[in-house]
>>> print(open('model37.txt').read())   # compact mmCIF, C-alpha atoms
# COMPACT_ATOMS: atom_id res chain seq x y z
CA MET M 1 0.00 0.00 0.00
CA TRP M 2 2.07 2.88 -1.30
CA TRP M 3 -0.23 5.52 0.15
CA ALA M 4 0.17 4.11 3.62
CA ALA M 5 3.94 4.11 3.21
CA SER M 6 3.92 7.80 2.35
CA LYS M 7 2.10 8.67 5.59
CA ALA M 8 4.26 10.35 8.28
CA ARG M 9 5.89 7.90 10.67
CA GLU M 10 7.07 8.46 14.22
CA ALA M 11 10.53 7.74 15.56
CA TYR M 12 12.11 8.01 19.00
CA LEU M 13 15.80 8.71 19.50
CA GLY M 14 17.44 8.39 22.87
CA ALA M 15 20.92 7.98 24.27
CA GLY M 16 20.50 4.21 24.58
CA CYS M 17 17.41 3.22 22.66
CA VAL M 18 15.62 3.97 19.45
CA GLY M 19 12.16 3.26 18.12
CA LEU M 20 10.22 3.56 14.88
CA THR M 21 6.63 2.98 13.84
CA ASP M 22 5.79 0.93 10.80
CA VAL M 23 3.28 1.87 8.17
CA GLN M 24 0.49 0.63 10.45
CA GLY M 25 1.72 2.76 13.37
CA VAL M 26 3.12 -0.12 15.45
CA TRP M 27 6.30 0.70 17.29
CA ARG M 28 9.50 -1.28 16.97
CA TRP M 29 12.29 -0.73 19.47
CA ALA M 30 16.00 -1.42 19.63
CA GLU M 31 18.81 -0.89 22.10
CA VAL M 32 21.75 1.15 20.82
CA ALA M 33 25.07 2.22 22.31
CA ASN M 34 24.85 5.90 21.43
CA VAL M 35 23.04 8.50 19.37
CA ALA M 36 25.09 7.88 16.24
CA GLU M 37 24.22 4.17 16.32
CA GLY M 38 20.61 5.10 16.84
CA LEU M 39 20.63 7.32 13.78
CA ASP M 40 22.16 4.58 11.67
CA TRP M 41 19.46 2.17 12.86
CA LEU M 42 16.76 4.66 11.94
CA ALA M 43 18.30 5.27 8.52
CA VAL M 44 18.25 1.57 7.74
CA ALA M 45 14.78 1.04 9.18
CA CYS M 46 13.37 3.98 7.21
CA ALA M 47 14.81 2.86 3.89
CA GLU M 48 12.08 1.28 1.83
CA PRO M 49 13.00 0.68 -1.79
CA GLY M 50 10.40 1.35 -4.42
CA LEU M 51 8.86 4.44 -2.85
CA SER M 52 8.57 7.34 -5.27
CA ARG M 53 8.02 9.92 -2.52
CA ARG M 54 10.31 10.68 0.42
CA PRO M 55 8.65 9.41 3.62
CA ALA M 56 8.05 11.99 6.33
CA LEU M 57 9.35 11.32 9.82
CA GLU M 58 8.23 12.89 13.11
CA LEU M 59 11.23 12.49 15.37
CA TRP M 60 10.90 12.52 19.16
CA LEU M 61 14.02 13.16 21.22
CA SER M 62 14.46 11.73 24.69
CA GLY M 63 14.89 13.92 27.75
CA ALA M 64 18.63 13.18 27.74
CA LEU M 65 18.99 14.75 24.31
CA ALA M 66 16.48 17.62 24.65
CA ARG M 67 16.83 19.07 28.13
CA PRO M 68 14.70 21.86 29.59
CA PHE M 69 15.85 24.70 31.77
CA VAL M 70 14.50 28.02 32.98
CA PHE M 71 16.03 30.99 31.24
CA SER M 72 16.12 33.85 33.75
CA PRO M 73 15.95 37.55 32.85
CA VAL M 74 19.29 39.07 31.92
CA PRO M 75 19.43 42.86 32.25
CA GLY M 76 20.88 44.80 29.36
CA LEU M 77 19.90 42.46 26.56
CA LYS M 78 18.49 44.11 23.47
CA GLY M 79 16.42 42.13 21.06
CA TRP M 80 15.87 38.47 20.33
CA ARG M 81 19.24 37.92 18.66
CA GLU M 82 21.18 38.83 21.82
CA THR M 83 18.77 36.77 23.92
CA GLN M 84 19.41 33.75 21.71
CA GLN M 85 23.16 34.20 21.95
CA VAL M 86 23.10 34.39 25.75
CA ALA M 87 20.78 31.39 26.02
CA ARG M 88 23.11 29.32 23.84
CA ARG M 89 26.03 30.30 26.05
CA LEU M 90 24.17 29.36 29.25
CA ALA M 91 22.64 26.12 27.97
CA PRO M 92 25.59 23.76 28.62
CA GLU M 93 25.96 25.03 32.18
CA GLU M 94 22.24 24.87 32.90
CA THR M 95 21.58 21.47 31.35
CA GLY M 96 24.83 19.58 31.59
CA LEU M 97 25.10 19.15 27.83
CA SER M 98 28.55 19.42 26.33
CA GLY M 99 29.46 21.47 23.32
CA PRO M 100 27.53 24.11 21.42
CA CYS M 101 23.80 23.89 21.83
CA ALA M 102 20.76 24.88 19.86
CA VAL M 103 18.23 26.53 22.15
CA TRP M 104 14.48 26.97 21.81
CA LEU M 105 13.06 29.80 23.89
CA GLU M 106 9.45 30.01 24.97
CA ASP M 107 9.67 33.81 25.26
CA GLU M 108 12.07 35.98 23.30
CA ASP M 109 11.59 38.84 25.76
CA PRO M 110 14.77 38.96 27.88
CA ARG M 111 12.95 40.74 30.70
CA ARG M 112 10.82 37.68 31.49
CA ALA M 113 11.83 34.25 32.72
CA GLY M 114 10.62 31.42 30.53
CA LEU M 115 11.07 27.85 29.53
CA ALA M 116 14.05 26.98 27.36
CA VAL M 117 15.04 23.67 25.73
CA ALA M 118 18.58 22.84 24.69
CA VAL M 119 19.80 20.20 22.23
CA ASP M 120 23.41 19.46 21.43
CA GLN M 121 24.11 20.95 18.02
CA SER M 122 26.04 17.82 17.03
CA THR M 123 22.87 15.77 17.55
CA LEU M 124 20.93 17.99 15.17
CA ASP M 125 23.77 17.92 12.66
CA GLY M 126 23.85 14.12 12.85
CA ILE M 127 20.10 13.95 12.22
CA GLY M 128 20.49 16.15 9.16
CA ALA M 129 23.48 14.26 7.83
CA VAL M 130 22.29 10.70 8.41
CA LEU M 131 18.56 10.97 7.93
CA SER M 132 17.80 13.95 5.70
CA SER M 133 20.81 13.96 3.42
CA GLY M 134 21.93 10.35 3.72
CA SER M 135 18.73 8.33 3.57
CA GLY M 136 16.45 10.79 1.87
CA VAL M 137 14.11 10.82 4.86
CA ARG M 138 12.07 13.99 5.16
CA VAL M 139 12.31 14.95 8.87
CA ALA M 140 9.05 16.80 9.43
CA SER M 141 9.64 17.63 13.11
CA ILE M 142 12.22 17.22 15.88
CA ARG M 143 10.51 17.53 19.25
CA PRO M 144 11.21 16.47 22.86
CA TRP M 145 9.11 13.47 23.80
CA TRP M 146 8.39 14.95 27.22
CA THR M 147 6.37 17.75 25.54
CA LYS M 148 4.05 15.03 24.23
CA ALA M 149 3.77 13.61 27.71
CA LEU M 150 3.07 17.09 29.10
CA ALA M 151 0.26 17.64 26.60
CA GLU M 152 -1.36 14.32 27.45
CA ALA M 153 -1.01 14.92 31.18
CA LEU M 154 -2.57 18.38 30.94
CA GLY M 155 -5.35 16.87 28.91
CA ALA M 156 -5.99 14.38 31.70
CA LYS M 157 -5.53 16.90 34.53
CA PRO M 158 -5.76 20.58 33.51
CA GLU M 159 -4.83 21.76 37.02
CA LEU M 160 -1.56 19.81 36.84
CA GLY M 161 1.17 21.32 39.01
CA THR M 162 3.97 18.74 38.85
CA LEU M 163 4.88 16.26 36.14
CA VAL M 164 7.62 13.67 36.14
CA VAL M 165 8.40 12.19 32.74
CA GLU M 166 10.23 8.88 32.91
CA GLU M 167 12.16 7.77 29.84
CA PRO M 168 14.73 5.03 29.35
CA ASP M 169 17.63 7.48 29.58
CA SER M 170 16.29 10.30 31.75
CA TRP M 171 13.77 11.71 34.14
CA ILE M 172 12.34 15.14 33.41
CA LEU M 173 10.76 17.22 36.17
CA LEU M 174 8.33 20.01 35.32
CA ALA M 175 6.60 22.06 38.01
CA GLY M 176 4.66 25.27 37.88
CA ARG M 177 1.52 27.26 38.62
CA ALA M 178 -1.02 28.86 36.35
CA ARG M 179 0.70 28.96 32.96
CA GLU M 180 4.26 29.38 34.17
CA PHE M 181 7.10 26.92 34.74
CA GLN M 182 8.83 27.38 38.08
CA VAL M 183 11.02 24.28 38.13
CA VAL M 184 12.32 22.33 35.15
CA SER M 185 15.13 19.85 35.47
CA ALA M 186 16.58 16.78 33.79
CA CYS M 187 18.20 13.82 35.51
CA THR M 188 20.30 11.65 33.26
CA PRO M 189 21.01 8.79 33.16
CA ALA M 190 17.63 7.63 34.35
CA PRO M 191 17.58 6.90 38.09
CA GLY M 192 15.84 4.01 39.71
CA LYS M 193 12.42 4.50 41.17
CA GLU M 194 13.56 5.28 44.68
CA ASP M 195 16.46 7.45 43.66
CA GLY M 196 14.28 9.23 41.19
CA THR M 197 11.59 9.95 43.73
CA GLY M 198 14.17 11.33 46.11
CA TRP M 199 15.63 13.50 43.35
CA VAL M 200 12.20 14.96 42.59
CA ARG M 201 11.51 15.82 46.22
CA ARG M 202 14.95 17.38 46.77
CA THR M 203 14.67 19.46 43.59
CA LEU M 204 11.28 20.82 44.54
CA VAL M 205 12.29 21.57 48.12
CA SER M 206 15.52 23.31 47.11
CA ALA M 207 13.55 25.43 44.64
CA GLY M 208 11.03 26.29 47.34
CA VAL M 209 8.16 24.97 45.23
CA GLU M 210 5.23 23.31 46.93
CA PRO M 211 4.43 20.17 44.93
CA GLY M 212 0.96 20.54 43.41
CA PRO M 213 -1.31 17.94 41.86
CA GLY M 214 1.22 15.70 40.19
CA MET M 215 1.43 12.97 37.60
CA HIS M 216 4.06 10.49 36.54
CA ALA M 217 4.34 9.79 32.81
CA ARG M 218 6.24 6.78 31.51
CA LEU M 219 7.16 5.81 27.99
CA MET M 220 5.87 2.33 27.26
CA ARG M 221 8.26 0.07 25.41
CA ALA M 222 7.42 -3.50 24.60
CA THR M 223 8.33 -4.84 21.25
CA GLY M 224 5.43 -6.54 19.50
CA ALA M 225 2.73 -5.34 21.89
CA SER M 226 -0.65 -5.55 20.23
CA HIS M 227 -3.37 -2.98 20.06
CA GLY M 228 -5.34 -2.77 23.27
CA GLN M 229 -5.46 -0.78 26.42
CA MET M 230 -1.81 0.08 26.32
CA THR M 231 0.26 -0.02 23.17
CA THR M 232 3.92 0.64 22.72
CA GLY M 233 4.89 4.27 22.26
CA GLN M 234 2.01 5.44 24.38
CA ILE M 235 2.37 7.26 27.66
CA ALA M 236 1.47 5.66 30.94
CA LEU M 237 0.10 8.32 33.23
CA GLU M 238 -0.42 7.85 36.94
CA ASP M 239 -1.02 10.20 39.78
CA CYS M 240 1.84 10.75 42.13
CA LEU M 241 3.06 13.06 44.86
CA MET N 1 1.75 24.74 33.49
CA LYS N 2 0.89 24.75 29.81
CA THR N 3 1.66 22.85 26.66
CA VAL N 4 4.71 23.95 24.68
CA SER N 5 5.37 23.64 20.95
CA VAL N 6 9.07 22.93 20.67
CA ASP N 7 10.47 22.01 17.28
CA PHE N 8 14.11 21.95 16.21
CA ALA N 9 13.42 20.86 12.62
CA PRO N 10 14.83 23.28 10.06
CA PRO N 11 12.28 24.97 7.82
CA ALA N 12 11.45 22.82 4.83
CA LYS N 13 13.12 23.87 1.62
CA PRO N 14 10.77 24.10 -1.32
CA SER N 15 11.38 21.56 -4.03
CA PRO N 16 13.07 22.81 -7.19
CA VAL N 17 9.98 21.93 -9.19
CA LEU N 18 7.78 23.93 -6.83
CA MET N 19 10.22 26.84 -6.90
CA ALA N 20 10.32 26.80 -10.68
CA LEU N 21 6.53 26.59 -10.87
CA THR N 22 6.14 29.45 -8.40
CA MET N 23 8.60 31.61 -10.31
CA ALA N 24 6.91 30.79 -13.60
CA MET N 25 3.52 31.69 -12.18
CA GLY N 26 4.95 34.87 -10.71
CA PHE N 27 6.45 35.80 -14.06
CA ALA N 28 3.20 35.00 -15.82
CA ALA N 29 1.33 37.15 -13.32
CA ILE N 30 3.71 40.05 -13.99
CA VAL N 31 3.25 39.61 -17.75
CA PHE N 32 -0.52 39.51 -17.44
CA VAL N 33 -0.52 42.59 -15.21
CA ALA N 34 1.67 44.41 -17.72
CA LEU N 35 -0.59 43.38 -20.62
CA GLY N 36 -3.63 44.39 -18.66
CA TRP N 37 -2.12 47.76 -17.82
CA ARG N 38 -1.19 48.28 -21.45
CA ALA N 39 -4.69 47.35 -22.62
CA SER N 40 -6.15 49.65 -20.01
CA ALA N 41 -3.91 52.51 -21.17
CA GLU N 42 -4.90 51.87 -24.79
CA THR N 43 -8.57 51.76 -23.85
CA GLN N 44 -8.17 55.00 -21.95
CA ARG N 45 -6.47 56.63 -24.94
CA LEU N 46 -9.21 55.49 -27.33
CA HIS N 47 -11.84 56.68 -24.89
CA GLU N 48 -10.18 60.08 -24.70
CA GLN N 49 -10.00 60.25 -28.50
CA SER N 50 -13.64 59.31 -28.77
CA THR N 51 -14.57 61.87 -26.16
CA ALA N 52 -12.55 64.57 -27.93
CA ARG N 53 -14.12 63.67 -31.26
CA ALA N 54 -17.59 63.74 -29.78
CA ALA N 55 -16.85 67.09 -28.18
CA LEU N 56 -15.65 68.44 -31.54
CA VAL N 57 -18.76 67.20 -33.33
CA SER N 58 -20.92 68.65 -30.62
CA ALA N 59 -19.11 71.97 -30.83
CA GLN N 60 -19.54 72.09 -34.61
CA ALA N 61 -23.20 71.22 -34.29
CA GLN N 62 -23.63 73.94 -31.72
CA GLN N 63 -21.87 76.42 -34.00
CA ALA N 64 -24.19 75.49 -36.87
CA VAL N 65 -27.23 75.86 -34.64
CA ALA N 66 -25.91 79.18 -33.36
CA ALA N 67 -25.37 80.41 -36.92
CA GLN N 68 -28.86 79.36 -37.94
CA ALA N 69 -30.28 80.99 -34.87
CA ALA N 70 -28.31 84.13 -35.59
CA ALA N 71 -29.58 84.13 -39.14
CA ALA N 72 -33.12 83.61 -37.93
CA ARG N 73 -32.80 86.47 -35.51
CA TYR N 74 -31.49 88.84 -38.20
CA VAL N 75 -33.78 91.86 -38.63
CA GLN N 76 -33.34 93.95 -41.71
CA ALA N 77 -32.61 97.62 -41.27
CA PRO N 78 -34.93 100.15 -42.99
CA TYR N 79 -32.27 101.08 -45.50
CA ALA N 80 -31.33 97.50 -46.19
CA ALA N 81 -33.02 97.35 -49.60
CA ASP N 82 -31.26 100.49 -50.81
CA ALA N 83 -27.96 99.31 -49.38
CA TRP N 84 -28.22 95.95 -51.09
CA ALA N 85 -29.25 97.58 -54.36
CA ALA N 86 -26.24 99.86 -54.21
CA LEU N 87 -24.00 96.95 -53.37
CA ASN N 88 -25.43 94.78 -56.14
CA GLN N 89 -24.98 97.62 -58.58
CA GLN N 90 -21.40 97.89 -57.51
CA GLN N 91 -20.90 94.21 -58.12
CA PHE N 92 -22.80 94.16 -61.51
CA PRO N 93 -20.48 93.11 -64.40
CA LEU N 94 -21.15 96.26 -66.42
CA ASN N 95 -17.97 96.01 -68.42
CA ALA N 96 -18.69 92.44 -69.46
CA VAL N 97 -22.19 93.43 -70.58
CA LEU N 98 -21.00 96.37 -72.66
CA THR N 99 -18.17 94.31 -74.13
CA ALA N 100 -20.57 91.56 -75.11
CA ILE N 101 -22.89 94.06 -76.85
CA GLU N 102 -20.17 96.08 -78.57
CA SER N 103 -18.32 92.99 -79.82
CA VAL N 104 -21.24 91.86 -81.94
CA ALA N 105 -22.04 93.62 -85.22
CA VAL N 106 -24.36 92.18 -87.83
CA ILE N 107 -25.33 94.04 -90.96
CA GLY N 108 -29.02 94.68 -90.80
CA VAL N 109 -29.22 94.98 -87.04
CA ARG N 110 -28.82 98.27 -85.19
CA VAL N 111 -28.87 98.68 -81.39
CA ILE N 112 -31.39 101.27 -80.44
CA SER N 113 -31.18 101.18 -76.61
CA VAL N 114 -29.57 99.30 -73.73
CA ASP N 115 -31.47 99.12 -70.48
CA ILE N 116 -29.41 97.82 -67.54
CA VAL N 117 -31.25 96.86 -64.34
CA PRO N 118 -28.62 95.91 -61.72
CA GLY N 119 -31.23 95.14 -59.10
CA ASP N 120 -32.66 92.37 -61.34
CA ALA N 121 -29.22 91.51 -62.78
CA ALA N 122 -30.85 91.92 -66.25
CA VAL N 123 -30.06 93.76 -69.40
CA ARG N 124 -32.72 94.67 -71.98
CA LEU N 125 -31.56 95.37 -75.52
CA GLN N 126 -33.79 97.03 -78.17
CA VAL N 127 -32.61 96.60 -81.78
CA GLU N 128 -33.83 97.39 -85.27
CA PHE N 129 -33.52 94.56 -87.74
CA SER N 130 -34.08 94.11 -91.43
CA ASP N 131 -35.44 90.61 -91.31
CA TYR N 132 -35.88 87.70 -88.90
CA GLU N 133 -33.01 85.77 -90.38
CA THR N 134 -30.66 88.65 -89.69
CA LEU N 135 -32.08 89.00 -86.19
CA MET N 136 -31.55 85.29 -85.43
CA LYS N 137 -28.00 85.58 -86.69
CA TYR N 138 -27.45 88.58 -84.37
CA MET N 139 -28.75 86.59 -81.40
CA GLN N 140 -26.50 83.67 -82.25
CA GLU N 141 -23.55 86.03 -82.30
CA LEU N 142 -24.54 87.44 -78.91
CA ASN N 143 -24.85 83.94 -77.36
CA ALA N 144 -21.70 82.61 -78.99
CA GLY N 145 -19.33 81.10 -76.38
CA GLU N 146 -21.88 81.19 -73.62
CA PRO N 147 -22.39 77.87 -71.81
CA GLU N 148 -26.09 78.64 -71.72
CA GLU N 149 -28.23 80.82 -73.97
CA ARG N 150 -27.92 84.15 -72.18
CA TRP N 151 -29.82 86.40 -74.63
CA VAL N 152 -33.43 85.55 -75.36
CA LEU N 153 -35.92 87.19 -77.68
CA VAL N 154 -38.73 88.80 -75.71
CA ASN N 155 -40.74 90.18 -78.65
CA ALA N 156 -40.39 91.46 -82.21
CA GLN N 157 -42.66 94.04 -83.83
CA ILE N 158 -42.96 94.53 -87.52
CA ASN N 159 -45.16 97.61 -87.59
CA ASN N 160 -43.98 99.54 -84.57
CA GLY N 161 -43.47 102.91 -86.15
CA GLY N 162 -39.70 103.12 -85.64
CA ALA N 163 -37.55 106.00 -86.86
CA LEU N 164 -37.16 104.50 -90.30
CA GLY N 165 -40.29 102.35 -89.99
CA ARG N 166 -38.13 99.24 -89.56
CA PRO N 167 -39.09 96.28 -87.34
CA THR N 168 -37.73 96.29 -83.75
CA ALA N 169 -37.08 93.55 -81.29
CA ASN N 170 -36.48 93.39 -77.54
CA LEU N 171 -33.82 91.05 -76.22
CA LEU N 172 -33.36 90.17 -72.56
CA SER N 173 -30.29 88.71 -70.82
CA ALA N 174 -29.61 87.65 -67.25
CA TRP N 175 -26.26 88.37 -65.59
CA LYS N 176 -25.61 86.43 -62.30
CA ARG N 177 -23.93 88.18 -59.46
CA GLU N 178 -21.26 86.05 -57.72
CA HIS N 179 -21.43 87.93 -54.42
CA ASN N 180 -23.66 89.91 -52.15
CA ARG N 181 -26.92 88.13 -51.87
CA SER N 182 -29.17 89.73 -49.30
CA PRO N 183 -30.47 87.54 -46.51
CA GLY N 184 -33.65 85.86 -47.43
CA GLN N 185 -32.80 85.58 -51.21
>>> encode(input="model37.txt", output="structure tokens")
Amino acid sequence: MWWAASKAREAYLGAGCVGLTDVQGVWRWAEVANVAEGLDWLAVACAEPGLSRRPALELWLSGALARPFVFSPVPGLKGWRETQQVARRLAPEETGLSGPCAVWLEDEDPRRAGLAVAVDQSTLDGIGAVLSSGSGVRVASIRPWWTKALAEALGAKPELGTLVVEEPDSWILLAGRAREFQVVSACTPAPGKEDGTGWVRRTLVSAGVEPGPGMHARLMRATGASHGQMTTGQIALEDCL
Amino acid sequence: MKTVSVDFAPPAKPSPVLMALTMAMGFAAIVFVALGWRASAETQRLHEQSTARAALVSAQAQQAVAAQAAAARYVQAPYAADAWAALNQQQFPLNAVLTAIESVAVIGVRVISVDIVPGDAAVRLQVEFSDYETLMKYMQELNAGEPEERWVLVNAQINNGGALGRPTANLLSAWKREHNRSPGQ
């Protein structure tokens, strides 16, 4: 079914695992040693001879690769260009990523604190080189998976105050009130359940944030799981805190 | 908290085919706009010409109406008849008349009198003649070279009691004036 093959597919890229949906939307997972190996796996898995149109790919990045932080106001900045430059300079220190980073800013106004997300520039370059240029895959989007979990959690609980996103290579903590983020943090590699719970509590206490109605979101991975109540690639949400 | 729309994907580059198609359509649009502007300018020019022509025709018609109205409003002065008579007399071809009469001489015909009436543009000639044949010959000589028969015989009298008792005849000719017609004639 050539028209099904041309439909956009989803992929997940993490520091130690990678996943891809087939034409029917069923996820397939694999363990990899690093990001480069994961990209190679995706390139091979996406290659389908005989297609006349480049397949589109919606790529989700794990919390270890796309890390959030709060960008605080910096006095004296003029315009969005300077704000971007300062955010890129601060990103490695704030997130623990090494090397130059690409930064997405929620708010370009330097006078207001807002959410920022940093990705190692080498990761983005690798995606472009291996997938877009190398395999002819049309990368339609590159988004953090935890943003998908956040959207689903807010859909389930609009008054959500605290969200912990558990992925194979990281835990992401998001806490806030109204429509603002007060605490965002990434813990990588992924801690165990006890260690992770302790990390969440310590982070919230040190930030002086009272934990609000909270949820715990977990990426489901189980190769070959059938359609049903819980399928692979979906998010398992449970109340916590 | 709120949902966030984070995306690190670079903006999609348009395909070369799409770029070429867009540029071709843009060029075609520019050409069509230029042609349309040119047609509009030409239409405007023709409209202006038509308007100018219509204005000219209207102005000429108005002038003709004004002239007719002026002519209709003309009221003759009391001395108009005398003035026109004097003017017509001035324009009467007296020399041509006298030359025409003096240049014709036929034995047997003698001019008795010449009566010139400039107001009627007519000349009456009274002659004595010996016989009708001689008279006809005299009239042919008078009308020689004329595109139309200018001199006509009004009457001829055999027993009119002339000086020598010879028959007399009256000839009439019309001489057109080329200028100075009074209004209403």
>>> residues_near_point(input="model37.txt", point="(6.6, 19.6, 38.1)", cutoff="9 Å", atoms="only C-alpha atoms", output="PDB file with C-alpha atoms, in the coordinates of the input")
ATOM      1  CA  LEU M 160      -1.560  19.810  36.840  1.00  0.00           C
ATOM      2  CA  GLY M 161       1.170  21.320  39.010  1.00  0.00           C
ATOM      3  CA  THR M 162       3.970  18.740  38.850  1.00  0.00           C
ATOM      4  CA  LEU M 163       4.880  16.260  36.140  1.00  0.00           C
ATOM      5  CA  VAL M 164       7.620  13.670  36.140  1.00  0.00           C
ATOM      6  CA  ILE M 172      12.340  15.140  33.410  1.00  0.00           C
ATOM      7  CA  LEU M 173      10.760  17.220  36.170  1.00  0.00           C
ATOM      8  CA  LEU M 174       8.330  20.010  35.320  1.00  0.00           C
ATOM      9  CA  ALA M 175       6.600  22.060  38.010  1.00  0.00           C
ATOM     10  CA  GLY M 176       4.660  25.270  37.880  1.00  0.00           C
ATOM     11  CA  PHE M 181       7.100  26.920  34.740  1.00  0.00           C
ATOM     12  CA  GLN M 182       8.830  27.380  38.080  1.00  0.00           C
ATOM     13  CA  VAL M 183      11.020  24.280  38.130  1.00  0.00           C
ATOM     14  CA  VAL M 184      12.320  22.330  35.150  1.00  0.00           C
ATOM     15  CA  SER M 185      15.130  19.850  35.470  1.00  0.00           C
ATOM     16  CA  VAL M 200      12.200  14.960  42.590  1.00  0.00           C
ATOM     17  CA  LEU M 204      11.280  20.820  44.540  1.00  0.00           C
ATOM     18  CA  PRO M 211       4.430  20.170  44.930  1.00  0.00           C
ATOM     19  CA  GLY M 212       0.960  20.540  43.410  1.00  0.00           C
ATOM     20  CA  PRO M 213      -1.310  17.940  41.860  1.00  0.00           C
ATOM     21  CA  GLY M 214       1.220  15.700  40.190  1.00  0.00           C
ATOM     22  CA  MET M 215       1.430  12.970  37.600  1.00  0.00           C
TER      23      MET M 215
ATOM     24  CA  MET N   1       1.750  24.740  33.490  1.00  0.00           C
TER      25      MET N   1
END
>>> axis_aligned_box(input="model37.txt", around="range 170-174 of chain N", padding_each_side="3 Å", output="JSON")
{"center_x": -33.0, "center_y": 90.5, "center_z": -72.4, "size_x": 12.9, "size_y": 11.7, "size_z": 16.3}
>>> atom_distance(input="model37.txt", atom1="CA of Val23 in chain M", atom2="CA of Cys46 in chain M")
10.4 Å
>>> interface_residues(input="model37.txt", of="chain N", to="chain M", cutoff="10 Å", atoms="all atoms listed in the file", output="PyMOL selection string")
chain N and resi 1-12
>>> atom_distance(input="model37.txt", atom1="CA of Pro168 in chain M", atom2="CA of Trp41 in chain M")
17.4 Å
>>> atom_distance(input="model37.txt", atom1="CA of Ala186 in chain M", atom2="CA of Phe69 in chain M")
8.2 Å
>>> closest_residue(input="model37.txt", among="M:Val35, M:Met220, M:Ala43, M:Ala30", to="Val165 in chain M", atoms="only C-alpha atoms")
M:Met220
>>> residues_near_point(input="model37.txt", point="(13.1, 37.8, 30.2)", cutoff="7 Å", atoms="only C-alpha atoms", output="JSON, numbers by chain")
{"M": [72, 73, 74, 109, 110, 111, 112, 113, 114]}
>>> closest_residue(input="model37.txt", among="M:Ser206, M:Gln24, M:Gln121, M:Thr188", to="Glu167 in chain M", atoms="only C-alpha atoms")
M:Thr188
>>> build_atoms(input="model37.txt", residues="range 117-129 of chain M", atoms="N, CA and C atoms", output="mmCIF file, in the frame of the given file")
data_model
loop_
_atom_site.group_PDB
_atom_site.id
_atom_site.type_symbol
_atom_site.label_atom_id
_atom_site.label_comp_id
_atom_site.auth_asym_id
_atom_site.auth_seq_id
_atom_site.Cartn_x
_atom_site.Cartn_y
_atom_site.Cartn_z
ATOM 1 N N VAL M 117 14.674 25.067 25.987
ATOM 2 C CA VAL M 117 15.040 23.670 25.730
ATOM 3 C C VAL M 117 16.324 23.685 24.925
ATOM 4 N N ALA M 118 17.276 22.866 25.360
ATOM 5 C CA ALA M 118 18.580 22.840 24.690
ATOM 6 C C ALA M 118 18.823 21.464 24.097
ATOM 7 N N VAL M 119 19.399 21.437 22.897
ATOM 8 C CA VAL M 119 19.800 20.200 22.230
ATOM 9 C C VAL M 119 21.223 20.410 21.727
ATOM 10 N N ASP M 120 22.044 19.382 21.921
ATOM 11 C CA ASP M 120 23.410 19.460 21.430
ATOM 12 C C ASP M 120 23.364 19.672 19.914
ATOM 13 N N GLN M 121 24.132 20.650 19.444
ATOM 14 C CA GLN M 121 24.110 20.950 18.020
ATOM 15 C C GLN M 121 24.604 19.757 17.198
ATOM 16 N N SER M 122 25.524 18.975 17.776
ATOM 17 C CA SER M 122 26.040 17.820 17.030
ATOM 18 C C SER M 122 24.928 16.788 16.811
ATOM 19 N N THR M 123 24.003 16.694 17.733
ATOM 20 C CA THR M 123 22.870 15.770 17.550
ATOM 21 C C THR M 123 22.016 16.210 16.364
ATOM 22 N N LEU M 124 21.726 17.492 16.290
ATOM 23 C CA LEU M 124 20.930 17.990 15.170
ATOM 24 C C LEU M 124 21.687 17.835 13.851
ATOM 25 N N ASP M 125 22.982 18.097 13.879
ATOM 26 C CA ASP M 125 23.770 17.920 12.660
ATOM 27 C C ASP M 125 23.769 16.466 12.207
ATOM 28 N N GLY M 126 23.866 15.550 13.184
ATOM 29 C CA GLY M 126 23.850 14.120 12.850
ATOM 30 C C GLY M 126 22.510 13.719 12.240
ATOM 31 N N ILE M 127 21.428 14.262 12.769
ATOM 32 C CA ILE M 127 20.100 13.950 12.220
ATOM 33 C C ILE M 127 20.030 14.423 10.775
ATOM 34 N N GLY M 128 20.521 15.620 10.524
ATOM 35 C CA GLY M 128 20.490 16.150 9.160
ATOM 36 C C GLY M 128 21.368 15.338 8.234
ATOM 37 N N ALA M 129 22.535 14.962 8.707
ATOM 38 C CA ALA M 129 23.480 14.260 7.830
ATOM 39 C C ALA M 129 23.036 12.824 7.557
#
